[in-house]
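Listing of run09.cif, mmCIF, C-alpha atoms
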data_run
loop_
_atom_site.label_atom_id
_atom_site.label_comp_id
_atom_site.auth_asym_id
_atom_site.auth_seq_id
_atom_site.Cartn_x
_atom_site.Cartn_y
_atom_site.Cartn_z
CA MET A 1 78.13 90.20 65.24
CA GLU A 2 76.92 87.08 66.98
CA ASN A 3 80.27 86.82 68.73
CA LEU A 4 80.10 90.46 69.88
CA GLU A 5 76.63 89.87 71.26
CA ARG A 6 77.94 86.93 73.29
CA VAL A 7 80.95 88.89 74.57
CA ILE A 8 78.74 91.81 75.64
CA ALA A 9 76.25 89.49 77.30
CA GLU A 10 79.03 87.70 79.21
CA HIS A 11 80.75 90.86 80.43
CA PRO A 12 80.04 91.38 84.17
CA PHE A 13 78.87 94.95 83.55
CA PHE A 14 75.96 93.64 81.49
CA ALA A 15 75.24 90.53 83.58
CA GLY A 16 71.55 89.70 83.53
CA LEU A 17 70.72 92.21 80.79
CA ASP A 18 67.75 91.30 78.63
CA GLY A 19 68.89 89.68 75.38
CA GLY A 20 66.87 92.16 73.35
CA PHE A 21 68.85 95.05 74.80
CA THR A 22 72.14 93.30 74.07
CA ASN A 23 71.01 92.87 70.51
CA LEU A 24 70.25 96.59 70.29
CA MET A 25 73.74 97.49 71.53
CA VAL A 26 75.67 95.24 69.16
CA SER A 27 75.36 97.69 66.28
CA CYS A 28 77.19 100.27 68.47
CA ALA A 29 79.99 97.86 69.45
CA SER A 30 83.37 96.93 67.98
CA ASN A 31 86.43 94.99 69.05
CA ILE A 32 89.49 97.08 69.82
CA ARG A 33 93.08 96.58 71.00
CA PHE A 34 95.57 98.95 72.60
CA LYS A 35 99.31 98.37 72.87
CA ALA A 36 100.89 98.62 76.31
CA GLY A 37 101.83 102.23 77.00
CA SER A 38 99.40 103.77 74.53
CA TYR A 39 96.74 106.27 75.60
CA ILE A 40 93.15 105.11 75.27
CA LEU A 41 91.68 108.47 76.11
CA ARG A 42 92.97 111.89 77.06
CA GLU A 43 91.59 114.59 79.34
CA GLY A 44 89.63 117.27 77.44
CA ASP A 45 89.05 115.15 74.33
CA ALA A 46 85.51 114.41 73.17
CA ALA A 47 84.06 111.48 75.08
CA ASN A 48 82.13 109.42 72.60
CA THR A 49 83.07 105.87 73.57
CA PHE A 50 83.23 103.58 76.55
CA TYR A 51 85.09 100.33 76.88
CA LEU A 52 84.38 96.91 78.30
CA ILE A 53 87.80 95.60 79.29
CA ARG A 54 88.35 91.97 78.26
CA GLU A 55 92.08 91.63 78.81
CA GLY A 56 94.88 93.71 80.31
CA LYS A 57 95.03 96.59 82.72
CA VAL A 58 94.30 100.30 82.28
CA ALA A 59 95.70 103.12 84.44
CA VAL A 60 93.50 106.16 85.04
CA GLU A 61 95.83 109.13 85.37
CA ILE A 62 95.71 112.76 86.41
CA LEU A 63 98.27 115.14 85.02
CA ALA A 64 99.49 117.55 87.69
CA PRO A 65 101.76 120.49 86.90
CA GLN A 66 105.46 119.80 87.63
CA HIS A 67 104.67 116.17 88.43
CA LYS A 68 104.77 112.95 86.56
CA PRO A 69 101.26 111.62 85.88
CA ILE A 70 99.57 110.31 89.03
CA ILE A 71 97.74 107.01 88.71
CA VAL A 72 94.54 107.28 90.75
CA ALA A 73 93.02 103.94 89.79
CA THR A 74 93.59 100.89 87.67
CA LEU A 75 90.87 99.00 85.86
CA SER A 76 91.10 95.44 84.75
CA VAL A 77 89.28 92.48 83.19
CA GLY A 78 85.54 92.63 83.72
CA GLU A 79 85.47 96.37 84.40
CA ILE A 80 84.38 99.31 82.30
CA LEU A 81 86.34 102.39 81.33
CA GLY A 82 84.65 105.76 80.85
CA TRP A 83 81.30 107.31 81.69
CA SER A 84 81.85 110.88 80.42
CA TRP A 85 80.14 109.87 77.15
CA LEU A 86 76.89 109.68 79.11
CA LEU A 87 76.58 113.26 80.31
CA PRO A 88 77.28 116.71 78.82
CA PRO A 89 79.74 118.18 78.00
CA PHE A 90 80.85 114.71 76.78
CA GLN A 91 84.53 115.32 77.53
CA TRP A 92 87.04 113.04 79.25
CA LYS A 93 88.08 114.18 82.74
CA PHE A 94 91.16 111.93 82.97
CA HIS A 95 93.78 110.24 80.89
CA ALA A 96 93.62 106.46 80.55
CA ARG A 97 96.70 104.47 79.51
CA ALA A 98 97.06 100.80 78.68
CA VAL A 99 99.44 99.30 81.25
CA ASP A 100 99.54 95.98 79.38
CA ASP A 101 98.26 95.09 75.95
CA VAL A 102 94.53 95.69 76.31
CA ARG A 103 91.69 93.98 74.50
CA ALA A 104 88.27 95.60 74.83
CA ILE A 105 84.86 96.13 73.33
CA ALA A 106 84.38 99.78 72.35
CA LEU A 107 80.81 101.02 72.52
CA ASP A 108 80.01 104.11 70.50
CA GLY A 109 78.52 106.59 72.96
CA LYS A 110 76.70 108.70 70.37
CA CYS A 111 75.09 105.59 68.90
CA LEU A 112 74.15 104.32 72.36
CA ARG A 113 72.77 107.70 73.49
CA THR A 114 70.50 107.73 70.44
CA LYS A 115 69.28 104.20 71.21
CA CYS A 116 68.68 105.14 74.84
CA GLU A 117 66.60 108.17 73.78
CA GLU A 118 64.58 105.93 71.48
CA ASN A 119 64.18 103.15 74.03
CA HIS A 120 63.91 104.46 77.58
CA ASP A 121 63.85 100.95 79.06
CA LEU A 122 67.32 100.40 77.60
CA GLY A 123 68.33 103.87 78.82
CA TYR A 124 67.17 103.09 82.35
CA GLU A 125 69.06 99.77 82.37
CA ILE A 126 72.24 101.47 81.20
CA LEU A 127 71.89 104.31 83.70
CA LYS A 128 71.28 101.91 86.60
CA ARG A 129 74.46 100.01 85.78
CA PHE A 130 76.54 103.17 85.43
CA ALA A 131 75.07 104.60 88.64
CA GLN A 132 76.32 101.50 90.47
CA ILE A 133 79.81 101.93 89.03
CA VAL A 134 79.79 105.64 89.91
CA GLU A 135 78.67 104.80 93.47
CA GLN A 136 81.43 102.20 93.90
CA ARG A 137 84.11 104.52 92.57
CA LEU A 138 82.87 107.45 94.68
CA ASP A 139 83.02 105.23 97.75
CA ALA A 140 86.56 104.12 96.90
CA THR A 141 87.61 107.72 96.21
CA ARG A 142 86.33 108.82 99.63
CA LEU A 143 88.42 106.16 101.34
CA GLN A 144 91.40 107.09 99.15
CA LEU A 145 91.02 110.78 100.09
CA LEU A 146 91.17 109.90 103.79
CA ASP A 147 94.78 108.81 103.21
CA VAL A 148 94.33 106.28 106.03
CA TYR A 149 97.90 104.93 106.00
CA ALA A 150 99.55 108.32 106.49
CA VAL A 151 101.35 108.92 109.78
CA ARG A 152 99.22 110.97 112.18
CA ARG A 153 101.40 112.90 114.63
CA MET B 1 99.99 76.43 119.39
CA ALA B 2 100.31 76.39 123.16
CA THR B 3 100.89 79.73 124.75
CA ALA B 4 100.77 81.19 128.20
CA VAL B 5 102.56 83.79 130.25
CA THR B 6 104.29 81.50 132.67
CA THR B 7 106.19 84.16 134.59
CA ASP B 8 105.07 87.34 136.33
CA PRO B 9 103.30 89.18 133.48
CA MET B 10 104.55 92.52 134.78
CA LEU B 11 108.19 91.45 134.74
CA PRO B 12 110.10 92.12 131.50
CA ARG B 13 112.40 89.28 130.40
CA PRO B 14 115.76 90.07 128.82
CA TYR B 15 116.08 89.64 125.06
CA SER B 16 118.80 90.60 122.61
CA VAL B 17 118.32 92.24 119.24
CA ARG B 18 119.76 89.84 116.64
CA GLU B 19 118.70 91.50 113.41
CA VAL B 20 117.17 94.76 112.25
CA SER B 21 115.97 94.88 108.65
CA LYS B 22 114.45 97.78 106.77
CA GLU B 23 111.04 97.04 105.24
CA THR B 24 110.11 100.55 104.03
CA PRO B 25 111.58 104.02 104.59
CA ASP B 26 110.00 104.21 108.07
CA THR B 27 109.28 100.58 108.99
CA PHE B 28 111.72 98.00 110.32
CA THR B 29 111.59 94.38 111.40
CA LEU B 30 113.46 93.35 114.55
CA ARG B 31 114.39 89.78 115.40
CA LEU B 32 114.88 89.21 119.11
CA GLU B 33 116.24 86.16 120.88
CA PRO B 34 115.89 85.39 124.59
CA GLU B 35 119.00 85.78 126.70
CA SER B 36 117.92 82.74 128.68
CA THR B 37 116.65 79.52 127.11
CA ALA B 38 114.13 79.37 129.97
CA ASN B 39 112.23 82.23 128.32
CA SER B 40 109.50 80.85 126.10
CA THR B 41 108.90 82.48 122.73
CA ALA B 42 105.62 80.63 122.07
CA PHE B 43 102.72 82.79 120.94
CA GLN B 44 99.46 82.67 119.03
CA PRO B 45 99.14 84.57 115.74
CA GLY B 46 97.61 87.96 116.55
CA GLN B 47 99.09 88.31 120.04
CA PHE B 48 101.31 91.19 121.07
CA SER B 49 104.22 91.84 123.44
CA MET B 50 105.19 94.82 125.55
CA LEU B 51 108.69 95.84 124.47
CA TRP B 52 110.73 97.77 127.00
CA VAL B 53 113.30 100.12 125.51
CA PHE B 54 115.55 100.90 128.44
CA GLY B 55 115.56 104.58 129.34
CA VAL B 56 112.74 105.33 126.92
CA GLY B 57 109.62 103.37 127.80
CA GLU B 58 107.42 100.43 127.00
CA LEU B 59 105.47 99.83 123.80
CA PRO B 60 102.80 97.33 122.75
CA ILE B 61 103.91 95.70 119.49
CA SER B 62 102.22 92.86 117.61
CA ILE B 63 104.32 89.79 116.95
CA SER B 64 104.90 89.43 113.21
CA GLY B 65 107.10 86.34 113.04
CA ASP B 66 106.56 82.66 112.40
CA PRO B 67 104.84 80.94 115.36
CA ALA B 68 106.58 77.67 114.45
CA LEU B 69 110.03 79.12 115.13
CA HIS B 70 110.60 78.85 118.86
CA ASP B 71 113.99 80.52 119.17
CA ARG B 72 112.93 84.07 118.38
CA LEU B 73 110.34 86.79 118.49
CA VAL B 74 109.91 89.04 115.46
CA TYR B 75 108.31 92.49 115.41
CA THR B 76 107.65 94.91 112.58
CA VAL B 77 107.64 98.48 113.83
CA ARG B 78 106.82 101.74 112.12
CA SER B 79 108.81 104.68 113.41
CA VAL B 80 106.21 107.31 114.18
CA GLY B 81 107.32 108.82 117.50
CA GLN B 82 110.16 109.01 119.98
CA ALA B 83 109.69 105.52 121.46
CA THR B 84 109.24 103.69 118.15
CA HIS B 85 112.11 105.69 116.67
CA SER B 86 114.30 104.51 119.51
CA LEU B 87 113.10 100.93 119.07
CA VAL B 88 113.87 100.72 115.35
CA ASN B 89 117.29 102.27 115.94
CA GLN B 90 118.41 99.50 118.29
CA ARG B 91 121.73 97.99 117.32
CA VAL B 92 122.32 94.29 116.89
CA GLY B 93 123.36 92.93 120.28
CA SER B 94 121.55 95.56 122.33
CA GLY B 95 119.13 94.44 125.03
CA LEU B 96 115.37 94.91 125.31
CA GLY B 97 112.85 93.83 127.90
CA VAL B 98 109.91 91.75 126.70
CA ARG B 99 106.62 91.07 128.48
CA GLY B 100 103.99 88.79 127.06
CA PRO B 101 102.69 87.45 124.76
CA PHE B 102 99.34 88.98 125.60
CA GLY B 103 95.79 89.01 124.33
CA ALA B 104 93.50 86.87 122.22
CA GLY B 105 94.86 85.83 118.85
CA TRP B 106 93.27 85.20 115.46
CA PRO B 107 90.77 82.31 115.48
CA ALA B 108 93.07 79.82 113.73
CA GLU B 109 91.18 76.82 115.12
CA ALA B 110 87.74 78.13 114.15
CA ALA B 111 89.07 78.80 110.65
CA LYS B 112 89.97 75.14 110.03
CA GLY B 113 88.19 73.67 107.02
CA ARG B 114 87.20 77.10 105.78
CA ASP B 115 88.46 79.62 103.24
CA VAL B 116 90.59 82.20 105.03
CA ILE B 117 90.27 85.77 103.80
CA ILE B 118 93.02 88.07 105.02
CA VAL B 119 92.50 91.79 104.49
CA ALA B 120 95.34 94.05 105.57
CA GLY B 121 96.07 97.73 105.23
CA GLY B 122 99.48 99.35 105.73
CA ILE B 123 101.36 97.97 108.70
CA GLY B 124 98.25 95.90 109.48
CA LEU B 125 99.85 93.09 107.51
CA ALA B 126 102.36 92.57 110.34
CA PRO B 127 99.93 91.12 112.94
CA LEU B 128 98.44 88.93 110.20
CA ARG B 129 101.73 87.50 108.97
CA PRO B 130 101.98 84.84 111.75
CA LEU B 131 98.53 83.61 110.74
CA ILE B 132 99.55 83.46 107.08
CA TYR B 133 102.63 81.39 108.05
CA HIS B 134 100.44 79.11 110.12
CA VAL B 135 97.87 78.55 107.35
CA LEU B 136 100.59 77.90 104.77
CA GLN B 137 102.35 75.43 107.08
CA ASN B 138 99.07 73.61 107.74
CA ARG B 139 97.66 73.95 104.25
CA LYS B 140 95.49 70.83 104.39
CA ASP B 141 93.62 72.13 107.42
CA TYR B 142 92.30 75.15 105.53
CA GLY B 143 90.44 75.92 102.32
CA ARG B 144 91.42 78.71 99.98
CA LEU B 145 93.72 81.43 101.30
CA VAL B 146 92.98 84.90 99.93
CA ILE B 147 95.27 87.77 100.93
CA LEU B 148 94.14 91.29 100.03
CA TYR B 149 96.72 93.89 100.93
CA GLY B 150 96.56 97.66 100.47
CA GLY B 151 99.30 100.19 101.07
CA ARG B 152 99.73 103.92 100.61
CA SER B 153 102.24 103.70 97.77
CA PRO B 154 104.53 101.01 96.32
CA ARG B 155 107.41 102.04 98.59
CA ASP B 156 105.21 101.58 101.66
CA LEU B 157 104.39 97.92 101.02
CA LEU B 158 105.68 95.41 103.58
CA TYR B 159 107.15 91.96 102.91
CA ARG B 160 107.13 92.34 99.11
CA LYS B 161 109.24 89.26 98.45
CA GLU B 162 107.08 87.15 100.73
CA LEU B 163 103.89 88.36 99.07
CA THR B 164 105.25 87.05 95.77
CA LYS B 165 106.29 83.79 97.41
CA TRP B 166 102.94 83.28 99.15
CA ALA B 167 101.11 83.73 95.84
CA ARG B 168 102.92 80.65 94.46
CA ASN B 169 101.22 78.39 97.00
CA HIS B 170 98.41 76.05 96.11
CA GLU B 171 94.92 77.55 96.45
CA THR B 172 96.37 80.89 97.48
CA GLN B 173 95.46 84.21 95.91
CA VAL B 174 97.43 87.33 96.79
CA LEU B 175 96.22 90.69 95.54
CA VAL B 176 98.09 93.88 96.31
CA THR B 177 97.03 97.46 95.70
CA VAL B 178 98.28 100.93 96.49
CA ASP B 179 96.31 104.12 97.02
CA TYR B 180 98.71 106.13 94.87
CA GLY B 181 100.90 104.68 92.16
CA GLY B 182 103.70 106.14 90.11
CA LEU B 183 104.39 105.31 86.50
CA ALA B 184 106.89 102.60 87.45
CA TRP B 185 104.23 100.67 89.39
CA ARG B 186 102.58 98.08 87.18
CA GLY B 187 100.30 96.68 89.85
CA HIS B 188 96.85 97.64 90.98
CA VAL B 189 95.96 101.18 92.10
CA GLY B 190 92.91 101.79 94.27
CA VAL B 191 91.86 101.24 97.86
CA VAL B 192 91.89 97.73 99.29
CA THR B 193 88.10 97.36 98.97
CA THR B 194 88.43 97.54 95.18
CA LEU B 195 90.22 94.17 95.23
CA PHE B 196 87.15 92.19 96.25
CA LYS B 197 85.84 92.11 92.70
CA TYR B 198 88.88 90.07 91.64
CA CYS B 199 88.31 87.21 94.07
CA ARG B 200 85.11 85.27 94.13
CA LEU B 201 84.44 84.66 97.79
CA GLN B 202 82.24 81.85 98.97
CA PRO B 203 80.54 83.51 101.92
CA GLY B 204 79.15 80.39 103.55
CA ARG B 205 82.56 78.77 103.86
CA SER B 206 84.76 81.83 104.45
CA ILE B 207 86.15 83.49 107.53
CA ALA B 208 87.73 86.95 107.26
CA MET B 209 90.49 88.48 109.37
CA VAL B 210 91.06 92.19 108.99
CA CYS B 211 93.78 94.49 110.29
CA GLY B 212 94.50 98.10 109.42
CA PRO B 213 93.43 101.62 110.33
CA GLU B 214 89.95 101.56 111.87
CA ILE B 215 88.37 103.63 109.13
CA MET B 216 89.76 101.19 106.56
CA MET B 217 88.37 98.26 108.58
CA ARG B 218 84.92 99.89 108.58
CA PHE B 219 84.94 100.12 104.79
CA VAL B 220 86.24 96.53 104.56
CA THR B 221 83.60 95.09 106.90
CA ARG B 222 80.91 96.82 104.88
CA GLU B 223 82.30 95.26 101.71
CA LEU B 224 82.59 91.83 103.34
CA GLU B 225 78.93 92.04 104.36
CA THR B 226 78.04 93.07 100.80
CA GLN B 227 79.91 89.95 99.64
CA GLY B 228 77.61 87.92 101.91
CA LEU B 229 79.85 87.19 104.92
CA SER B 230 78.12 86.98 108.25
CA ARG B 231 79.27 89.41 110.96
CA ASP B 232 80.18 86.40 113.08
CA ASP B 233 82.69 85.32 110.44
CA ILE B 234 84.58 88.60 110.43
CA TYR B 235 87.40 89.30 112.92
CA LEU B 236 89.20 92.60 113.47
CA SER B 237 92.39 93.57 115.26
CA MET B 238 91.81 96.63 117.42
CA GLU B 239 94.39 98.98 118.84
CA ARG B 240 94.37 101.37 121.79
CA ASN B 241 96.94 102.76 124.20
CA MET B 242 97.93 99.62 126.11
CA LYS B 243 99.99 99.98 129.28
CA CYS B 244 99.75 97.07 131.72
CA ALA B 245 98.62 94.58 129.03
CA VAL B 246 96.72 92.45 131.56
CA GLY B 247 93.52 94.43 132.07
CA PHE B 248 94.44 96.18 135.33
CA CYS B 249 95.13 99.77 134.39
CA GLY B 250 92.18 100.52 132.10
CA HIS B 251 94.21 102.57 129.60
CA CYS B 252 92.96 100.48 126.70
CA GLN B 253 89.33 100.26 127.76
CA TYR B 254 87.07 100.17 124.71
CA GLY B 255 83.43 100.22 125.74
CA PRO B 256 82.98 97.12 127.91
CA HIS B 257 86.23 95.57 126.65
CA PHE B 258 89.90 95.84 127.48
CA ILE B 259 91.77 95.65 124.21
CA CYS B 260 94.83 94.08 125.86
CA LYS B 261 92.99 91.27 127.61
CA ASP B 262 89.76 90.69 125.66
CA GLY B 263 91.40 91.56 122.33
CA PRO B 264 93.23 92.75 120.40
CA ILE B 265 91.33 90.38 118.09
CA PHE B 266 87.55 90.75 118.28
CA ARG B 267 84.67 89.26 116.42
CA TYR B 268 83.20 92.13 114.34
CA GLU B 269 79.82 91.85 116.03
CA GLN B 270 81.50 92.50 119.43
CA VAL B 271 82.81 95.90 118.37
CA ARG B 272 80.52 96.93 115.52
CA LYS B 273 78.53 99.49 117.49
CA LEU B 274 81.67 100.87 119.13
CA LEU B 275 83.28 101.43 115.74
CA GLU B 276 80.41 103.76 114.87
CA LYS B 277 80.92 106.00 117.91
CA TYR B 278 82.75 109.29 117.56
CA GLU B 279 86.01 109.73 119.42
CA LEU B 280 85.87 106.39 121.25
#
Written form, structure tokens:
Amino acid sequence: MENLERVIAEHPFFAGLDGGFTNLMVSCASNIRFKAGSYILREGDAANTFYLIREGKVAVEILAPQHKPIIVATLSVGEILGWSWLLPPFQWKFHARAVDDVRAIALDGKCLRTKCEENHDLGYEILKRFAQIVEQRLDATRLQLLDVYAVRR
Amino acid sequence: MATAVTTDPMLPRPYSVREVSKETPDTFTLRLEPESTANSTAFQPGQFSMLWVFGVGELPISISGDPALHDRLVYTVRSVGQATHSLVNQRVGSGLGVRGPFGAGWPAEAAKGRDVIIVAGGIGLAPLRPLIYHVLQNRKDYGRLVILYGGRSPRDLLYRKELTKWARNHETQVLVTVDYGGLAWRGHVGVVTTLFKYCRLQPGRSIAMVCGPEIMMRFVTRELETQGLSRDDIYLSMERNMKCAVGFCGHCQYGPHFICKDGPIFRYEQVRKLLEKYEL
């Protein structure tokens, strides 16, 4: 447990988080590994976990009819995977596949949601950090949608 | 790196195409050699030439070769229209007219002693490649070299072998990403700005050089400022329709600047407000 607390505290997503909050989250956390090529989450499944990536790379994929899966983003060491656990209907919107062997901390979303309801200061901290990630990924998605390297005739 | 146009800048000098190599499905690199040894090939990284395709027209193309090699000029060209299509379809041995080099290059002198951050998008890596060669050949003069390169898809990436080779150099970090990746691609997927989180920049001692589509450069400059870089330490390569290349004709006027003469490399602060104007 003490080790998990340290790993959570040292992960960039939780940088600067009050030690008391880290302590609260440890009971929702567990170490997890995924083999290269395995799916970590699948679109439509219940979203009850998020992951702090410690090692390896994860591909976020969209399945399009009559196409091979399209990788829209990759996530790597120091990043987080998954925010659908935070908001209803608590369902994954994408697939996520381990590109390499992945080592992560899994945080139980149901457990964390309960703790956030009980402790709104923790909830606000968590929401602020996720809002920043959402903002960064929205910004990147806008630039990606512009398809800036395409030939304009 | 001495450079000057020593002859009439409006007079094309004869060069021969010595090699044409395919970089991507629509992008090719041409190696030209002067037909007379009196023709200088000296240039500064970031400068461009006017290439005359006989019977077709003249095109401004950035020099993408090694500034230390004085027997050649190298250009990487994307075939996007009639003139560039004709240029990339030149056969070995055919002749081209070359004017230049023209314009202000990357601030290689000002970058000495500092970390050099190269951010390139698409074919924007081509005008930066001479600077990368220069920094790698004069490694002791510079701090860390960070190359962040984004392309549309894996098949659109330029100089893939060189990117791998550059990454093996001391104090050099090369990160490559694509906007769209297929299952065979094991590298990073995401726009070039998403790479910044993988390299810890030291803003006070870094200088950034950026080249790519203007909208990409706007996102990159914003990210560089977020990372703590001063606007005075960010340089961009601008592009407009250049004709005379010496500031006479006004085709490439950009606000108070002529891209051909005052640029194509500008300090970000010089063009920041212009980048925010519609349709300029």
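Shortest atom-to-atom contact with Val72 (chain A) among A:Cys116, A:Leu41, A:Ala96, A:Ile126: A:Ala96, counting only C-alpha atoms.
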Interface, chain A side, toward chain B (12 Å; only C-alpha atoms) as a VMD selection string: chain A and resid 12 to 13 36 to 37 56 to 63 67 to 79 97 to 100 133 136 to 153
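The spacing separating CA of Glu125 (chain A) from CA of Leu112 (chain A) amounts to 12.1 Å.
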Please, what distance in Å, to one decimal, runs between CA of Thr27 (chain B) and CA of Val77 (chain B)? 5.5 Å
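Note that CA of Trp85 (chain A) and CA of Gly44 (chain A) are 12.0 Å apart.
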If you take only C-alpha atoms and a cut-off of 12 Å, which residues of region 32-81 of chain B touch region 8-25 of chain B, and what are their nearest atom pairs and distances in Å to one decimal, in chain and number order, as a Markdown table?
| residue | atom | partner | partner_atom | distance |
| --- | --- | --- | --- | --- |
| B:Leu32 | CA | B:Val17 | CA | 4.6 |
| B:Glu33 | CA | B:Ser16 | CA | 5.4 |
| B:Pro34 | CA | B:Tyr15 | CA | 4.3 |
| B:Glu35 | CA | B:Tyr15 | CA | 5.1 |
| B:Ser36 | CA | B:Pro14 | CA | 7.6 |
| B:Thr37 | CA | B:Tyr15 | CA | 10.3 |
| B:Ala38 | CA | B:Arg13 | CA | 10.1 |
| B:Asn39 | CA | B:Arg13 | CA | 7.4 |
| B:Ser40 | CA | B:Arg13 | CA | 9.9 |
| B:Thr41 | CA | B:Tyr15 | CA | 10.4 |
| B:Ser49 | CA | B:Pro12 | CA | 10.0 |
| B:Met50 | CA | B:Pro12 | CA | 8.2 |
| B:Leu51 | CA | B:Pro12 | CA | 8.1 |
| B:Trp52 | CA | B:Pro12 | CA | 7.3 |
| B:Val53 | CA | B:Pro12 | CA | 10.5 |
| B:Phe54 | CA | B:Pro12 | CA | 10.8 |
| B:Gly57 | CA | B:Pro12 | CA | 11.9 |
| B:Glu58 | CA | B:Pro12 | CA | 9.8 |
| B:Leu59 | CA | B:Pro12 | CA | 11.8 |
| B:Asp71 | CA | B:Tyr15 | CA | 11.1 |
| B:Arg72 | CA | B:Arg18 | CA | 9.1 |
| B:Leu73 | CA | B:Tyr15 | CA | 9.2 |
| B:Val74 | CA | B:Glu19 | CA | 9.4 |
| B:Tyr75 | CA | B:Val20 | CA | 9.7 |
| B:Thr76 | CA | B:Glu23 | CA | 8.4 |
| B:Val77 | CA | B:Glu23 | CA | 9.3 |
| B:Arg78 | CA | B:Thr24 | CA | 8.8 |
| B:Ser79 | CA | B:Pro25 | CA | 9.3 |
| B:Val80 | CA | B:Pro25 | CA | 11.5 |
I need the output of the PyMOL selection byres ((chain A and resi 6) around 12) for this file as a ChimeraX atom specification; which residues are they? /A:1-5,7-12,14-15,17,19,22-23,25-26,29,105
Counting all atoms listed in the file, the residue of A:Glu55, A:Asp45, A:Asp101, A:Asp108 that sits nearest Pro89 (chain A): A:Asp45
Residues picked by the PyMOL selection byres ((chain B and resi 174) around 6) here, as a ChimeraX atom specification? /B:146-147,167,173,175
Reference answer for the PyMOL selection byres ((chain B and resi 263) around 9), as a list in words: Gln47, Phe102, Gly103, Ala104, Gly105, Ser237, Met238, Glu239, His257, Phe258, Ile259, Cys260, Lys261, Asp262, Pro264, Ile265 and Phe266 of chain B
List as a ChimeraX atom specification the protein and nucleic acid residues near Arg205 (chain B), meaning an atom at most 8 Å away when only C-alpha atoms are counted, but skip any in the same chain fewer than 2 places from it. /B:114-115,202-203,207
Would you pick out the contacts of Leu145 (chain B) at 8 Å or less, using only C-alpha atoms, so that residues sharing its chain but fewer than 4 positions from it are not included, and give the list as a PDB file with C-alpha atoms, keeping the file's coordinate frame?
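What ended up in result_37.pdb:
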ATOM      1  CA  ASP B 115      88.460  79.620 103.240  1.00  0.00           C
ATOM      2  CA  VAL B 116      90.590  82.200 105.030  1.00  0.00           C
ATOM      3  CA  ILE B 117      90.270  85.770 103.800  1.00  0.00           C
ATOM      4  CA  ILE B 118      93.020  88.070 105.020  1.00  0.00           C
ATOM      5  CA  VAL B 135      97.870  78.550 107.350  1.00  0.00           C
ATOM      6  CA  GLU B 171      94.920  77.550  96.450  1.00  0.00           C
ATOM      7  CA  THR B 172      96.370  80.890  97.480  1.00  0.00           C
ATOM      8  CA  GLN B 173      95.460  84.210  95.910  1.00  0.00           C
TER       9      GLN B 173
END
Find the residues around Leu24 (chain A) up to 9 Å (all atoms listed in the file counted), leave out those fewer than 3 positions away in its own chain, and share them as a PyMOL selection string. chain A and resi 19-21+27-28+112+115+122
Writing out the chosen residues with C-alpha atoms as a compact mmCIF listing (two decimals), keeping the file's coordinate frame:
# COMPACT_ATOMS: atom_id res chain seq x y z
CA GLY A 19 68.89 89.68 75.38
CA GLY A 20 66.87 92.16 73.35
CA PHE A 21 68.85 95.05 74.80
CA SER A 27 75.36 97.69 66.28
CA CYS A 28 77.19 100.27 68.47
CA LEU A 112 74.15 104.32 72.36
CA LYS A 115 69.28 104.20 71.21
CA LEU A 122 67.32 100.40 77.60
